[in-house]
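Have a look at the structure below before the remarks.
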Amino acid sequence: MRLIPTSTHIIPVHPATDGWDVQKLVVEKHEFPSTVTSHQKIAFLFSHANGFHKEVYHPLIRRFKDQLRSLKEYDHTDIHIIAWDSRFHGDSARLNQGEFLPTYRWLDNALDTKQVIDELELKQNYDQFIGVGHSFGATSMALLESFYPHTFDALCLLEPVLSNEFIPTKTRETSGVYASRTRRDEWPNR
């Protein structure tokens with residue numbers, strides 16, 4: 001079941017990436033305020049895997065929020081959960097239709113993650129800021145943290161794609177990632 005966001009933001013992609021002048025990101029914020037006087041605000045930024053979208057996290061977000069609310073130490077805590085679609089996924093892909101570029105690096109997604117953080121002032125406006133990412137999203141958060149240490153107070157990285165070597169461009173271009181660009185995303189009704 002889809003969670004209805006408290007607010008939806010359309011922001012530009014990071015200015016140091018290709019497409020900065022035409023592409024946008026769709027970001028949703030889900031606010032779960034304390035039912036008593038709050039003493040702290042905590043933000044969780046969720047970043048999806050390649051081929052998925054922010055809504056894939058909705059069941060997890062619901063359970064996660066319920067679990068935190070069941071713990072006494074979170075009684076006085078406002079919990080905000082932010083989820084976003086990378087530029088070629090979900091609502092961002094719809095928004096950027098016709099503006100796709102032939103190349104896109106995972107580093108671009110790391111910088112777009114920084115853009116989400118900066119635009120929504122997630123580091124400044126919260127007592128704790130935690131990143132949660134899967135695969136592509138986890139890798140982007142790890143890259144971002146390595147380039148900008150202390151961006152996150154904590155990270156929960158599920159299956160990050162990490163390597164100690166750089167793959168040549170020609171090899172990457174023939175990999176399955178590029179094959180997925182032509183993958184069908186609409187199917188006829190039966």
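In the structure tokens, each chain is lettered A, B, ... as it comes, each chain's residues begin at 1, and ligands are numbered from 1 in order of appearance.
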* **Distance query Gly131 in chain A at most 8 Å, only C-alpha atoms, self and fewer than 2 positions along chain excluded, as a PyMOL selection string** => chain A and resi 44-47+129+133+141+152+154-157
* Show which residues sit within 8 Å of range 61-76 of chain A, as number ranges by chain. Count only C-alpha atoms, and ignore same-chain residues fewer than 5 positions away. => A: 3, 32, 34-40, 81
* Could you give me the residues within chain A that DSSP places in strand (DSSP E), as a PyMOL selection string? => chain A and resi 7-12+24-32+40-47+77-85+128-134+154-158
Restrict the selected residues to N, CA and C atoms and save them as a short mmCIF file (atom, residue, chain, number, x, y, z; two decimals), in the first residue's frame.
data_model
loop_
_atom_site.label_atom_id
_atom_site.label_comp_id
_atom_site.auth_asym_id
_atom_site.auth_seq_id
_atom_site.Cartn_x
_atom_site.Cartn_y
_atom_site.Cartn_z
N SER A 7 4.97 15.81 2.09
CA SER A 7 5.30 16.80 1.07
C SER A 7 6.09 16.14 -0.05
N THR A 8 5.97 16.71 -1.24
CA THR A 8 6.72 16.25 -2.40
C THR A 8 7.51 17.44 -2.93
N HIS A 9 8.77 17.19 -3.26
CA HIS A 9 9.66 18.25 -3.73
C HIS A 9 10.22 17.87 -5.09
N ILE A 10 10.27 18.82 -5.99
CA ILE A 10 10.93 18.64 -7.27
C ILE A 10 12.14 19.55 -7.25
N ILE A 11 13.32 18.92 -7.34
CA ILE A 11 14.56 19.67 -7.21
C ILE A 11 15.46 19.40 -8.42
N PRO A 12 16.41 20.30 -8.70
CA PRO A 12 17.34 20.04 -9.80
C PRO A 12 18.34 18.95 -9.41
N LYS A 24 15.56 16.78 -13.35
CA LYS A 24 15.04 17.04 -12.00
C LYS A 24 14.93 15.72 -11.23
N LEU A 25 14.75 15.85 -9.93
CA LEU A 25 14.54 14.72 -9.03
C LEU A 25 13.24 14.91 -8.27
N VAL A 26 12.52 13.83 -8.05
CA VAL A 26 11.31 13.87 -7.24
C VAL A 26 11.64 13.26 -5.88
N VAL A 27 11.37 14.04 -4.84
CA VAL A 27 11.69 13.65 -3.46
C VAL A 27 10.42 13.72 -2.63
N GLU A 28 10.17 12.67 -1.85
CA GLU A 28 9.01 12.66 -0.95
C GLU A 28 9.47 12.63 0.50
N LYS A 29 8.79 13.43 1.30
CA LYS A 29 9.06 13.45 2.74
C LYS A 29 7.83 12.92 3.47
N HIS A 30 8.09 11.99 4.39
CA HIS A 30 7.04 11.42 5.23
C HIS A 30 7.36 11.82 6.67
N GLU A 31 6.50 12.61 7.26
CA GLU A 31 6.73 13.09 8.63
C GLU A 31 5.84 12.32 9.60
N PHE A 32 6.48 11.81 10.65
CA PHE A 32 5.77 11.09 11.70
C PHE A 32 6.11 11.78 13.03
N GLN A 40 13.72 15.86 19.99
CA GLN A 40 14.70 15.67 18.93
C GLN A 40 14.02 15.31 17.62
N LYS A 41 14.74 15.58 16.52
CA LYS A 41 14.27 15.24 15.18
C LYS A 41 15.31 14.34 14.53
N ILE A 42 14.83 13.26 13.95
CA ILE A 42 15.73 12.33 13.27
C ILE A 42 15.22 12.15 11.84
N ALA A 43 16.14 12.14 10.88
CA ALA A 43 15.78 11.95 9.48
C ALA A 43 16.48 10.72 8.92
N PHE A 44 15.73 9.96 8.15
CA PHE A 44 16.26 8.81 7.43
C PHE A 44 16.08 9.08 5.95
N LEU A 45 17.16 8.97 5.18
CA LEU A 45 17.09 9.13 3.73
C LEU A 45 17.20 7.75 3.09
N PHE A 46 16.15 7.34 2.37
CA PHE A 46 16.12 6.04 1.70
C PHE A 46 16.46 6.23 0.23
N SER A 47 17.39 5.40 -0.27
CA SER A 47 17.81 5.47 -1.67
C SER A 47 17.72 4.07 -2.30
N THR A 77 10.53 11.88 19.89
CA THR A 77 11.30 12.08 18.67
C THR A 77 10.38 12.23 17.47
N ASP A 78 10.58 13.32 16.72
CA ASP A 78 9.92 13.46 15.43
C ASP A 78 10.73 12.65 14.42
N ILE A 79 10.06 11.77 13.71
CA ILE A 79 10.73 10.90 12.74
C ILE A 79 10.32 11.36 11.34
N HIS A 80 11.31 11.70 10.54
CA HIS A 80 11.06 12.09 9.15
C HIS A 80 11.79 11.11 8.25
N ILE A 81 11.08 10.60 7.27
CA ILE A 81 11.67 9.66 6.33
C ILE A 81 11.53 10.25 4.93
N ILE A 82 12.67 10.33 4.26
CA ILE A 82 12.73 10.92 2.93
C ILE A 82 13.09 9.81 1.95
N ALA A 83 12.35 9.73 0.86
CA ALA A 83 12.64 8.76 -0.20
C ALA A 83 12.59 9.50 -1.53
N TRP A 84 13.46 9.12 -2.43
CA TRP A 84 13.53 9.84 -3.69
C TRP A 84 13.80 8.88 -4.84
N ASP A 85 13.45 9.33 -6.04
CA ASP A 85 13.72 8.57 -7.26
C ASP A 85 14.93 9.16 -7.96
N GLN A 128 19.82 13.92 14.21
CA GLN A 128 20.49 12.76 13.63
C GLN A 128 20.03 12.60 12.19
N PHE A 129 20.98 12.21 11.33
CA PHE A 129 20.67 12.01 9.92
C PHE A 129 21.29 10.69 9.47
N ILE A 130 20.44 9.76 9.05
CA ILE A 130 20.87 8.40 8.74
C ILE A 130 20.49 8.05 7.31
N GLY A 131 21.44 7.51 6.57
CA GLY A 131 21.19 7.06 5.20
C GLY A 131 20.89 5.57 5.17
N VAL A 132 19.89 5.20 4.38
CA VAL A 132 19.53 3.79 4.18
C VAL A 132 19.48 3.56 2.68
N GLY A 133 20.34 2.68 2.18
CA GLY A 133 20.36 2.44 0.75
C GLY A 133 20.54 0.98 0.40
N HIS A 134 20.03 0.61 -0.77
CA HIS A 134 20.17 -0.74 -1.27
C HIS A 134 20.89 -0.71 -2.61
N ALA A 154 25.03 8.06 10.43
CA ALA A 154 25.12 6.60 10.34
C ALA A 154 24.62 6.19 8.96
N LEU A 155 25.04 5.02 8.54
CA LEU A 155 24.60 4.45 7.27
C LEU A 155 24.15 3.01 7.47
N CYS A 156 23.09 2.64 6.79
CA CYS A 156 22.63 1.25 6.71
C CYS A 156 22.68 0.90 5.23
N LEU A 157 23.72 0.17 4.83
CA LEU A 157 23.94 -0.13 3.42
C LEU A 157 23.65 -1.61 3.15
N LEU A 158 22.67 -1.86 2.32
CA LEU A 158 22.28 -3.22 1.96
C LEU A 158 22.82 -3.55 0.58
#
* Secondary structure check, helix (DSSP H, G or I) residues of range 4-180 of chain A, as a PyMOL selection string -> chain A and resi 54-69+72-74+90-95+106-119+136-147+169-173+176-180
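Excluding His14 in chain A and any residue on its chain fewer than 3 positions from it, the residues at most 6 Å away by only C-alpha atoms are Thr17, Leu111, Asp112 and Gln115 of chain A.
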